[in-house]
file target-v7.cif (mmCIF, C-alpha atoms and all ligand atoms)
data_work
loop_
_atom_site.group_PDB
_atom_site.id
_atom_site.type_symbol
_atom_site.label_atom_id
_atom_site.label_comp_id
_atom_site.auth_asym_id
_atom_site.auth_seq_id
_atom_site.Cartn_x
_atom_site.Cartn_y
_atom_site.Cartn_z
ATOM 1 C CA MET A 1 86.701 56.740 -59.714
ATOM 2 C CA ARG A 2 90.359 56.436 -58.681
ATOM 3 C CA SER A 3 92.126 59.726 -59.205
ATOM 4 C CA GLN A 4 95.136 61.830 -58.256
ATOM 5 C CA ASN A 5 95.086 65.603 -57.999
ATOM 6 C CA LEU A 6 98.533 66.774 -59.176
ATOM 7 C CA ALA A 7 100.013 70.267 -58.823
ATOM 8 C CA PRO A 8 102.423 71.404 -61.561
ATOM 9 C CA ARG A 9 106.126 72.166 -61.052
ATOM 10 C CA LEU A 10 107.432 75.581 -62.065
ATOM 11 C CA VAL A 11 110.273 75.240 -64.601
ATOM 12 C CA LYS A 12 112.338 77.957 -66.298
ATOM 13 C CA LEU A 13 112.734 77.272 -70.020
ATOM 14 C CA THR A 14 115.755 78.095 -72.158
ATOM 15 C CA THR A 15 114.049 80.869 -74.124
ATOM 16 C CA ARG A 16 114.841 84.520 -74.806
ATOM 17 C CA THR A 17 113.244 85.527 -71.510
ATOM 18 C CA ASN A 18 113.570 82.274 -69.554
ATOM 19 C CA ILE A 19 109.801 82.067 -69.220
ATOM 20 C CA GLU A 20 108.520 80.058 -66.266
ATOM 21 C CA VAL A 21 106.141 77.305 -67.328
ATOM 22 C CA ARG A 22 103.885 74.987 -65.336
ATOM 23 C CA ARG A 23 104.977 71.378 -65.949
ATOM 24 C CA SER A 24 102.383 68.681 -65.143
ATOM 25 C CA LEU A 25 104.043 65.735 -66.905
ATOM 26 C CA PRO A 26 106.262 63.898 -66.381
ATOM 27 C CA HIS A 27 105.319 63.755 -62.701
ATOM 28 C CA ARG A 28 106.989 61.691 -59.976
ATOM 29 C CA ASP A 29 103.789 59.652 -59.553
ATOM 30 C CA ILE A 30 102.450 59.709 -63.115
ATOM 31 C CA ARG A 31 104.911 59.183 -65.958
ATOM 32 C CA THR A 32 102.481 59.080 -68.890
ATOM 33 C CA ILE A 33 98.749 59.385 -69.624
ATOM 34 C CA GLY A 34 98.240 57.120 -72.608
ATOM 35 C CA ALA A 35 101.236 58.093 -74.739
ATOM 36 C CA TRP A 36 101.043 61.717 -73.545
ATOM 37 C CA CYS A 37 104.370 62.126 -71.760
ATOM 38 C CA PHE A 38 104.946 65.861 -71.428
ATOM 39 C CA ILE A 39 102.624 68.736 -70.520
ATOM 40 C CA ASP A 40 103.864 72.328 -70.198
ATOM 41 C CA ALA A 41 101.373 75.181 -69.814
ATOM 42 C CA TYR A 42 102.464 78.794 -70.228
ATOM 43 C CA GLY A 43 100.899 82.241 -69.998
ATOM 44 C CA PRO A 44 98.719 84.125 -70.380
ATOM 45 C CA THR A 45 101.564 86.610 -70.684
ATOM 46 C CA SER A 46 101.896 89.974 -72.418
ATOM 47 C CA ASP A 47 105.585 89.154 -72.999
ATOM 48 C CA ILE A 48 105.132 88.141 -76.616
ATOM 49 C CA ALA A 49 108.787 87.096 -77.034
ATOM 50 C CA ALA A 50 108.268 84.566 -74.242
ATOM 51 C CA MET A 51 108.194 81.454 -76.402
ATOM 52 C CA SER A 52 111.131 82.260 -78.647
ATOM 53 C CA VAL A 53 113.113 79.030 -78.480
ATOM 54 C CA ALA A 54 116.238 78.636 -80.621
ATOM 55 C CA ALA A 55 116.934 75.519 -82.695
ATOM 56 C CA HIS A 56 116.932 72.287 -80.684
ATOM 57 C CA PRO A 57 116.463 68.618 -81.604
ATOM 58 C CA HIS A 58 113.866 65.958 -80.832
ATOM 59 C CA ALA A 59 113.721 62.191 -81.407
ATOM 60 C CA GLY A 60 111.371 59.347 -80.480
ATOM 61 C CA LEU A 61 108.387 61.607 -79.803
ATOM 62 C CA GLN A 62 105.809 63.961 -81.289
ATOM 63 C CA THR A 63 105.567 67.601 -80.237
ATOM 64 C CA VAL A 64 101.949 68.777 -80.115
ATOM 65 C CA THR A 65 101.430 72.553 -80.036
ATOM 66 C CA TRP A 66 98.080 74.068 -79.011
ATOM 67 C CA LEU A 67 97.418 77.754 -78.338
ATOM 68 C CA PHE A 68 94.634 79.514 -76.425
ATOM 69 C CA ALA A 69 95.867 82.979 -77.470
ATOM 70 C CA GLY A 70 98.722 84.511 -79.463
ATOM 71 C CA GLU A 71 100.742 83.290 -82.410
ATOM 72 C CA VAL A 72 103.912 81.183 -82.797
ATOM 73 C CA GLU A 73 106.025 80.494 -85.899
ATOM 74 C CA HIS A 74 107.461 76.995 -86.234
ATOM 75 C CA ARG A 75 110.514 76.269 -88.406
ATOM 76 C CA ASP A 76 112.320 72.967 -88.750
ATOM 77 C CA SER A 77 115.151 71.098 -90.445
ATOM 78 C CA LEU A 78 112.759 69.682 -93.070
ATOM 79 C CA GLY A 79 112.238 73.262 -94.273
ATOM 80 C CA SER A 80 108.769 73.692 -92.749
ATOM 81 C CA VAL A 81 107.702 77.247 -91.906
ATOM 82 C CA GLN A 82 104.298 77.422 -90.249
ATOM 83 C CA VAL A 83 102.531 80.033 -88.136
ATOM 84 C CA ILE A 84 100.039 78.586 -85.668
ATOM 85 C CA HIS A 85 96.948 80.350 -84.235
ATOM 86 C CA PRO A 86 94.472 79.352 -81.523
ATOM 87 C CA GLY A 87 92.251 76.473 -82.682
ATOM 88 C CA GLU A 88 94.947 75.123 -85.008
ATOM 89 C CA LEU A 89 97.315 72.254 -84.339
ATOM 90 C CA ASN A 90 100.985 71.622 -85.067
ATOM 91 C CA ILE A 91 102.242 68.054 -84.727
ATOM 92 C CA MET A 92 105.885 67.324 -85.360
ATOM 93 C CA SER A 93 106.592 63.593 -85.502
ATOM 94 C CA ALA A 94 110.305 63.602 -84.696
ATOM 95 C CA GLY A 95 110.910 59.903 -85.349
ATOM 96 C CA SER A 96 114.634 59.277 -85.888
ATOM 97 C CA GLY A 97 115.446 62.983 -85.416
ATOM 98 C CA ILE A 98 114.546 66.549 -86.369
ATOM 99 C CA ALA A 99 115.458 70.055 -85.197
ATOM 100 C CA HIS A 100 113.055 72.967 -84.844
ATOM 101 C CA SER A 101 112.695 76.490 -83.447
ATOM 102 C CA GLU A 102 109.693 78.445 -82.221
ATOM 103 C CA LEU A 103 109.209 82.216 -82.424
ATOM 104 C CA SER A 104 106.240 83.827 -80.704
ATOM 105 C CA SER A 105 105.113 86.991 -82.440
ATOM 106 C CA ASP A 106 103.228 90.189 -81.616
ATOM 107 C CA VAL A 107 99.586 90.002 -82.642
ATOM 108 C CA GLY A 108 98.381 92.424 -79.983
ATOM 109 C CA ALA A 109 97.142 89.572 -77.832
ATOM 110 C CA ASP A 110 98.547 87.734 -74.850
ATOM 111 C CA LEU A 111 100.438 84.514 -75.397
ATOM 112 C CA HIS A 112 98.799 81.455 -73.803
ATOM 113 C CA GLY A 113 99.146 77.799 -74.678
ATOM 114 C CA VAL A 114 100.394 74.301 -74.005
ATOM 115 C CA GLN A 115 103.312 72.311 -75.338
ATOM 116 C CA LEU A 116 102.596 68.590 -75.262
ATOM 117 C CA TRP A 117 104.562 65.534 -76.338
ATOM 118 C CA THR A 118 103.490 61.976 -77.139
ATOM 119 C CA VAL A 119 105.880 58.993 -76.981
ATOM 120 C CA LEU A 120 106.243 57.181 -80.291
ATOM 121 C CA PRO A 121 105.725 53.419 -79.900
ATOM 122 C CA GLU A 122 108.462 50.921 -80.829
ATOM 123 C CA ASN A 123 107.136 50.414 -84.390
ATOM 124 C CA ASN A 124 107.161 54.122 -85.235
ATOM 125 C CA ARG A 125 109.878 55.653 -83.105
ATOM 126 C CA ASN A 126 112.494 55.521 -85.860
ATOM 127 C CA MET A 127 110.151 56.805 -88.571
ATOM 128 C CA LYS A 128 111.242 59.474 -91.026
ATOM 129 C CA PRO A 129 110.533 62.827 -89.365
ATOM 130 C CA ARG A 130 107.516 64.791 -90.579
ATOM 131 C CA PHE A 131 105.612 67.937 -89.712
ATOM 132 C CA ASP A 132 101.829 68.355 -89.975
ATOM 133 C CA HIS A 133 99.634 71.411 -89.502
ATOM 134 C CA TYR A 134 95.855 71.194 -89.069
ATOM 135 C CA ALA A 135 93.807 74.368 -89.550
ATOM 136 C CA ARG A 136 90.384 72.685 -89.528
ATOM 137 C CA LEU A 137 89.493 70.493 -86.590
ATOM 138 C CA PRO A 138 86.177 69.441 -85.017
ATOM 139 C CA HIS A 139 84.655 72.325 -83.027
ATOM 140 C CA PHE A 140 81.247 71.652 -81.510
ATOM 141 C CA ALA A 141 78.930 72.344 -78.601
ATOM 142 C CA LEU A 142 77.656 69.733 -76.175
ATOM 143 C CA ALA A 143 74.991 71.576 -74.168
ATOM 144 C CA GLU A 144 77.028 74.265 -72.347
ATOM 145 C CA LEU A 145 80.428 72.798 -73.251
ATOM 146 C CA HIS A 146 82.341 74.135 -76.245
ATOM 147 C CA ILE A 147 84.754 71.482 -77.436
ATOM 148 C CA ARG A 148 87.724 71.783 -79.749
ATOM 149 C CA LEU A 149 88.925 68.265 -80.524
ATOM 150 C CA PHE A 150 92.537 68.159 -81.731
ATOM 151 C CA VAL A 151 93.481 64.490 -81.340
ATOM 152 C CA GLY A 152 91.405 61.297 -81.506
ATOM 153 C CA GLU A 153 87.683 60.806 -80.907
ATOM 154 C CA LEU A 154 85.254 62.358 -78.448
ATOM 155 C CA ALA A 155 81.450 62.555 -78.292
ATOM 156 C CA GLY A 156 81.113 60.888 -81.697
ATOM 157 C CA ARG A 157 83.498 63.305 -83.444
ATOM 158 C CA LYS A 158 86.951 62.545 -84.803
ATOM 159 C CA ALA A 159 90.062 64.642 -85.407
ATOM 160 C CA GLU A 160 92.159 63.531 -88.395
ATOM 161 C CA SER A 161 95.481 64.492 -86.813
ATOM 162 C CA LEU A 162 98.339 62.001 -87.079
ATOM 163 C CA THR A 163 99.068 59.959 -83.950
ATOM 164 C CA PHE A 164 100.414 56.430 -83.473
ATOM 165 C CA THR A 165 98.634 55.078 -80.386
ATOM 166 C CA PRO A 166 94.989 55.433 -79.236
ATOM 167 C CA LEU A 167 94.804 58.981 -77.815
ATOM 168 C CA VAL A 168 92.437 61.861 -77.282
ATOM 169 C CA GLY A 169 93.114 65.566 -76.800
ATOM 170 C CA ALA A 170 90.469 68.300 -76.496
ATOM 171 C CA GLU A 171 90.025 71.841 -75.207
ATOM 172 C CA ILE A 172 86.772 72.312 -73.293
ATOM 173 C CA THR A 173 85.438 75.784 -72.466
ATOM 174 C CA TYR A 174 82.225 76.994 -70.795
ATOM 175 C CA SER A 175 81.016 80.535 -70.254
ATOM 176 C CA LEU A 176 78.895 80.000 -67.156
ATOM 177 C CA GLY A 177 78.377 77.571 -64.304
ATOM 178 C CA ILE A 178 77.838 73.970 -65.437
ATOM 179 C CA HIS A 179 77.023 70.481 -64.229
ATOM 180 C CA GLN A 180 77.499 68.188 -67.174
ATOM 181 C CA SER A 181 78.742 64.765 -68.082
ATOM 182 C CA LEU A 182 80.924 63.729 -70.986
ATOM 183 C CA GLU A 183 81.238 60.145 -72.210
ATOM 184 C CA LEU A 184 84.661 58.547 -71.703
ATOM 185 C CA ASN A 185 86.351 55.464 -73.167
ATOM 186 C CA PRO A 186 86.770 53.015 -70.243
ATOM 187 C CA GLU A 187 89.931 51.595 -71.891
ATOM 188 C CA PHE A 188 91.620 54.988 -71.532
ATOM 189 C CA GLU A 189 93.275 56.724 -68.613
ATOM 190 C CA TYR A 190 92.729 60.490 -68.584
ATOM 191 C CA GLY A 191 94.124 63.749 -67.336
ATOM 192 C CA VAL A 192 92.087 66.926 -66.924
ATOM 193 C CA LEU A 193 94.305 70.019 -66.831
ATOM 194 C CA VAL A 194 92.557 73.088 -65.446
ATOM 195 C CA ILE A 195 93.626 76.058 -67.558
ATOM 196 C CA GLU A 196 91.182 78.669 -66.197
ATOM 197 C CA GLY A 197 88.786 78.599 -63.247
ATOM 198 C CA GLU A 198 88.222 75.898 -60.671
ATOM 199 C CA VAL A 199 86.325 72.715 -61.397
ATOM 200 C CA THR A 200 84.829 69.827 -59.460
ATOM 201 C CA ILE A 201 85.228 66.388 -61.019
ATOM 202 C CA ALA A 202 83.813 63.284 -59.349
ATOM 203 C CA GLY A 203 83.380 65.350 -56.178
ATOM 204 C CA GLN A 204 87.045 66.495 -56.162
ATOM 205 C CA VAL A 205 87.873 70.183 -56.351
ATOM 206 C CA VAL A 206 90.621 70.734 -58.906
ATOM 207 C CA PRO A 207 92.185 74.195 -58.653
ATOM 208 C CA GLN A 208 93.441 76.199 -61.625
ATOM 209 C CA GLY A 209 96.774 74.805 -62.822
ATOM 210 C CA ASN A 210 96.258 71.298 -61.429
ATOM 211 C CA LEU A 211 96.032 68.072 -63.402
ATOM 212 C CA LEU A 212 93.485 65.498 -62.253
ATOM 213 C CA TYR A 213 94.611 61.994 -63.261
ATOM 214 C CA LEU A 214 91.863 59.368 -63.739
ATOM 215 C CA ASN A 215 92.537 55.631 -63.928
ATOM 216 C CA PRO A 216 91.082 53.530 -66.753
ATOM 217 C CA GLY A 217 87.585 52.181 -66.181
ATOM 218 C CA ASN A 218 85.610 55.420 -66.174
ATOM 219 C CA ARG A 219 82.633 55.723 -68.521
ATOM 220 C CA GLU A 220 81.858 59.346 -67.880
ATOM 221 C CA LEU A 221 83.380 62.585 -66.715
ATOM 222 C CA VAL A 222 81.085 64.753 -64.602
ATOM 223 C CA ILE A 223 82.206 68.372 -64.718
ATOM 224 C CA GLU A 224 80.824 70.867 -62.196
ATOM 225 C CA SER A 225 81.747 74.515 -61.970
ATOM 226 C CA SER A 226 80.051 77.609 -60.560
ATOM 227 C CA ASP A 227 81.706 79.868 -63.120
ATOM 228 C CA SER A 228 83.229 79.984 -66.602
ATOM 229 C CA GLY A 229 86.370 77.976 -67.298
ATOM 230 C CA ARG A 230 88.747 76.231 -69.647
ATOM 231 C CA LEU A 231 90.012 72.648 -69.411
ATOM 232 C CA LEU A 232 92.309 70.424 -71.412
ATOM 233 C CA LEU A 233 91.242 66.774 -71.598
ATOM 234 C CA LEU A 234 94.023 64.319 -72.490
ATOM 235 C CA GLY A 235 93.685 60.556 -72.542
ATOM 236 C CA GLY A 236 94.807 57.312 -74.071
ATOM 237 C CA GLU A 237 95.370 53.601 -73.689
ATOM 238 C CA PRO A 238 98.011 53.089 -70.991
ATOM 239 C CA PHE A 239 101.449 53.108 -72.672
ATOM 240 C CA ASN A 240 103.334 50.095 -71.398
ATOM 241 C CA GLU A 241 106.732 50.282 -73.107
ATOM 242 C CA GLU A 242 109.722 51.167 -70.957
ATOM 243 C CA ILE A 243 111.231 54.460 -72.081
ATOM 244 C CA ILE A 244 114.075 56.803 -71.242
ATOM 245 C CA MET A 245 113.197 60.493 -71.450
ATOM 246 C CA TRP A 246 116.232 62.752 -71.336
ATOM 247 C CA TRP A 247 116.286 66.424 -72.379
ATOM 248 C CA ASN A 248 114.464 66.547 -75.754
ATOM 249 C CA PHE A 249 114.852 62.873 -76.609
ATOM 250 C CA ILE A 250 112.968 59.669 -75.887
ATOM 251 C CA ALA A 251 114.814 56.396 -76.394
ATOM 252 C CA ARG A 252 115.023 52.907 -74.943
ATOM 253 C CA SER A 253 118.659 52.802 -73.778
ATOM 254 C CA GLN A 254 121.453 55.011 -72.443
ATOM 255 C CA GLU A 255 123.498 54.298 -75.596
ATOM 256 C CA GLU A 256 120.750 55.662 -77.853
ATOM 257 C CA ILE A 257 120.517 58.824 -75.777
ATOM 258 C CA GLU A 258 124.318 59.279 -75.871
ATOM 259 C CA GLU A 259 124.337 58.858 -79.659
ATOM 260 C CA LEU A 260 121.540 61.412 -80.178
ATOM 261 C CA ARG A 261 123.296 63.879 -77.872
ATOM 262 C CA GLU A 262 126.616 63.492 -79.728
ATOM 263 C CA LYS A 263 124.929 63.891 -83.115
ATOM 264 C CA TRP A 264 123.240 67.126 -82.092
ATOM 265 C CA ASN A 265 126.260 68.653 -80.404
ATOM 266 C CA ASN A 266 128.534 67.668 -83.321
ATOM 267 C CA HIS A 267 126.246 69.104 -86.045
ATOM 268 C CA SER A 268 125.565 65.691 -87.593
ATOM 269 C CA PRO A 269 123.787 65.813 -90.986
ATOM 270 C CA ASP A 270 120.987 63.877 -89.237
ATOM 271 C CA PHE A 271 120.107 67.255 -87.653
ATOM 272 C CA PRO A 272 120.574 69.726 -90.537
ATOM 273 C CA ASP A 273 120.853 73.470 -89.905
ATOM 274 C CA PHE A 274 117.955 75.629 -91.101
ATOM 275 C CA PRO A 275 117.390 79.412 -91.311
ATOM 276 C CA ASP A 276 115.254 81.262 -88.766
ATOM 277 C CA HIS A 277 114.909 84.735 -87.206
ATOM 278 C CA ILE A 278 116.221 83.628 -83.814
ATOM 279 C CA GLY A 279 119.695 82.351 -84.655
ATOM 280 C CA GLY A 280 121.920 80.008 -82.714
ATOM 281 C CA ARG A 281 121.090 76.587 -81.343
ATOM 282 C CA ILE A 282 120.600 75.183 -77.857
ATOM 283 C CA PRO A 283 123.389 72.689 -77.008
ATOM 284 C CA ALA A 284 122.510 69.454 -75.249
ATOM 285 C CA PRO A 285 123.538 69.543 -71.574
ATOM 286 C CA ASN A 286 125.952 67.057 -70.023
ATOM 287 C CA LEU A 287 124.568 63.653 -69.170
ATOM 288 C CA PRO A 288 124.269 62.872 -65.452
ATOM 289 C CA ASN A 289 127.034 60.796 -63.861
ATOM 290 C CA ILE A 290 124.605 58.038 -62.995
ATOM 291 C CA ARG A 291 123.180 55.722 -65.635
ATOM 292 C CA LEU A 292 119.776 56.641 -67.028
ATOM 293 C CA THR A 293 117.260 53.946 -66.218
ATOM 294 C CA PRO A 294 114.183 53.049 -68.268
ATOM 295 C CA ARG A 295 110.840 53.915 -66.692
ATOM 296 C CA GLY A 296 107.315 52.810 -67.414
ATOM 297 C CA GLY A 297 105.750 49.451 -68.115
ATOM 298 C CA ARG A 298 104.184 49.855 -64.693
ATOM 299 C CA ARG A 299 100.578 49.083 -65.325
HETATM 300 MN MN MN B 1 110.790 71.558 -79.085
#
call {"tool": "encode", "arguments": {"input": "target-v7.cif", "output": "structure tokens", "more": "lines below"}}
Ligand code: MN
result
Amino acid sequence: MRSQNLAPRLVKLTTRTNIEVRRSLPHRDIRTIGAWCFIDAYGPTSDIAAMSVAAHPHAGLQTVTWLFAGEVEHRDSLGSVQVIHPGELNIMSAGSGIAHSELSSDVGADLHGVQLWTVLPENNRNMKPRFDHYARLPHFALAELHIRLFVGELAGRKAESLTFTPLVGAEITYSLGIHQSLELNPEFEYGVLVIEGEVTIAGQVVPQGNLLYLNPGNRELVIESSDSGRLLLLGGEPFNEEIIMWWNFIARSQEEIEELREKWNNHSPDFPDFPDHIGGRIPAPNLPNIRLTPRGGRR
């Protein structure tokens, strides 16, 4: 089992409180896992305003929101207003362009979750933007593992959430020590993000916060832990298109990125304003002086 044990970077987000998140993807060594291209984990925090993010745009990707605790209200330029709770899923397929804001709210619980993105493939990246919420998703036990499947297929179950490349995403929890195997798709590469506890996978100790990357070719995942824990399993067919990720956009060329940036900063009707309780919008930063170069297509 070829693997890489990756520590996250700490990044301050542009939110009300400039919350520090743990960013696992993109990583210098691992750009994508399947089409998963962005993994931020945050909390648990009692600062319930921590994920209040003013209006900002996306294009060429899907945002995938998954909570372990707390509550966040999503609003977007299509007019969607949706509160998300733990066990539910928000997927915003940005396609040609959309703007959204997120407001975390006080439900008397800590705020704890992940913000993920998938890259949209060439055939879908200019799709009309859409927003989907899923309140009912597969939730099942596999011996001592409790699995909440939010994307794709796992252990014979299937989530109906909208994605555009072969992917899987699941939250795995256990309340005591375990030694258990889970069937994998050998066509997929995987990442196991340790949310709580410490876990041993294929003989490697993965500390809390780390992401263990697994190459394609594995048929099973053996999870060992001496205590309770929580993992996020993400996987997919290796994504081989070259992409440029800059700020909140994914494109294929510098010119596309420049155009998206101009449109957002100049209030183009492609990114309509919408009402929310946060107010304001986050301007796109300046582009770097060097040319952005496509990455990917490496495997
Ligand atoms: Mn966003």
call {"tool": "residues_around", "arguments": {"input": "target-v7.cif", "residues": "Glu187 in chain A", "least_positions_apart": "6", "cutoff": "8 Å", "atoms": "only C-alpha atoms", "output": "VMD selection string"}}
result
chain A and resid 216 to 217 236 to 237
call {"tool": "write_last_selection", "arguments": {"input": "target-v7.cif", "atoms": "C-alpha atoms", "output": "compact mmCIF listing (two decimals), keeping the file's coordinate frame"}}
result
# COMPACT_ATOMS: atom_id res chain seq x y z
CA PRO A 216 91.08 53.53 -66.75
CA GLY A 217 87.58 52.18 -66.18
CA GLY A 236 94.81 57.31 -74.07
CA GLU A 237 95.37 53.60 -73.69
call {"tool": "residues_around", "arguments": {"input": "target-v7.cif", "residues": "range 189-201 of chain A", "least_positions_apart": "4", "cutoff": "7 Å", "atoms": "all atoms listed in the file", "output": "ChimeraX atom specification"}}
result
/A:33-34,205-216,222-225,228-238
call {"tool": "residues_around", "arguments": {"input": "target-v7.cif", "residues": "range 21-26 of chain A", "least_positions_apart": "5", "cutoff": "7 Å", "atoms": "all atoms listed in the file", "output": "PyMOL selection string"}}
result
chain A and resi 7-12+31-32+37-42+211
call {"tool": "write_last_selection", "arguments": {"input": "target-v7.cif", "atoms": "C-alpha atoms", "output": "CSV table (one decimal), in the frame of the given file"}}
result
chain,number,residue,atom,x,y,z
A,7,ALA,CA,100.0,70.3,-58.8
A,8,PRO,CA,102.4,71.4,-61.6
A,9,ARG,CA,106.1,72.2,-61.1
A,10,LEU,CA,107.4,75.6,-62.1
A,11,VAL,CA,110.3,75.2,-64.6
A,12,LYS,CA,112.3,78.0,-66.3
A,31,ARG,CA,104.9,59.2,-66.0
A,32,THR,CA,102.5,59.1,-68.9
A,37,CYS,CA,104.4,62.1,-71.8
A,38,PHE,CA,104.9,65.9,-71.4
A,39,ILE,CA,102.6,68.7,-70.5
A,40,ASP,CA,103.9,72.3,-70.2
A,41,ALA,CA,101.4,75.2,-69.8
A,42,TYR,CA,102.5,78.8,-70.2
A,211,LEU,CA,96.0,68.1,-63.4
call {"tool": "residues_near_ligand", "arguments": {"input": "target-v7.cif", "ligand": "ligand MN 1 (chain B)", "cutoff": "9 Å", "atoms": "all atoms listed in the file", "output": "NGL selection string"}}
result
:A and (53 or 55-58 or 63 or 99-102 or 115 or 248)
call {"tool": "resolve_selection", "arguments": {"input": "target-v7.cif", "expression": "the PyMOL selection byres (((chain A and resi 152-155) around 10) and not hetatm)", "output": "VMD selection string"}}
result
chain A and resid 138 140 142 147 to 151 156 to 163 165 to 170 182 to 185 234 to 236
call {"tool": "atom_distance", "arguments": {"input": "target-v7.cif", "atom1": "CA of Leu111 in chain A", "atom2": "CA of Ile278 in chain A"}}
result
17.9 Å
call {"tool": "closest_residue", "arguments": {"input": "target-v7.cif", "among": "A:Thr45, A:Ser175, A:Thr15, A:Gln180", "to": "Leu103 in chain A", "atoms": "all atoms listed in the file"}}
result
A:Thr15
call {"tool": "residues_around", "arguments": {"input": "target-v7.cif", "residues": "Asn124 in chain A", "least_positions_apart": "6", "cutoff": "9 Å", "atoms": "only C-alpha atoms", "output": "PDB file with C-alpha atoms, in the coordinates of the input"}}
result
ATOM      1  CA  GLY A  60     111.371  59.347 -80.480  1.00  0.00           C
ATOM      2  CA  GLY A  95     110.910  59.903 -85.349  1.00  0.00           C
ATOM      3  CA  PHE A 164     100.414  56.430 -83.473  1.00  0.00           C
TER       4      PHE A 164
END
call {"tool": "residues_around", "arguments": {"input": "target-v7.cif", "residues": "Val72 in chain A", "least_positions_apart": "5", "cutoff": "9 Å", "atoms": "only C-alpha atoms", "output": "ChimeraX atom specification"}}
result
/A:51-52,67,82-85,102-105,111
call {"tool": "closest_residue", "arguments": {"input": "target-v7.cif", "among": "A:Leu61, A:Ala141, A:Leu221, A:Ala49", "to": "Gly203 in chain A", "atoms": "all atoms listed in the file"}}
result
A:Leu221
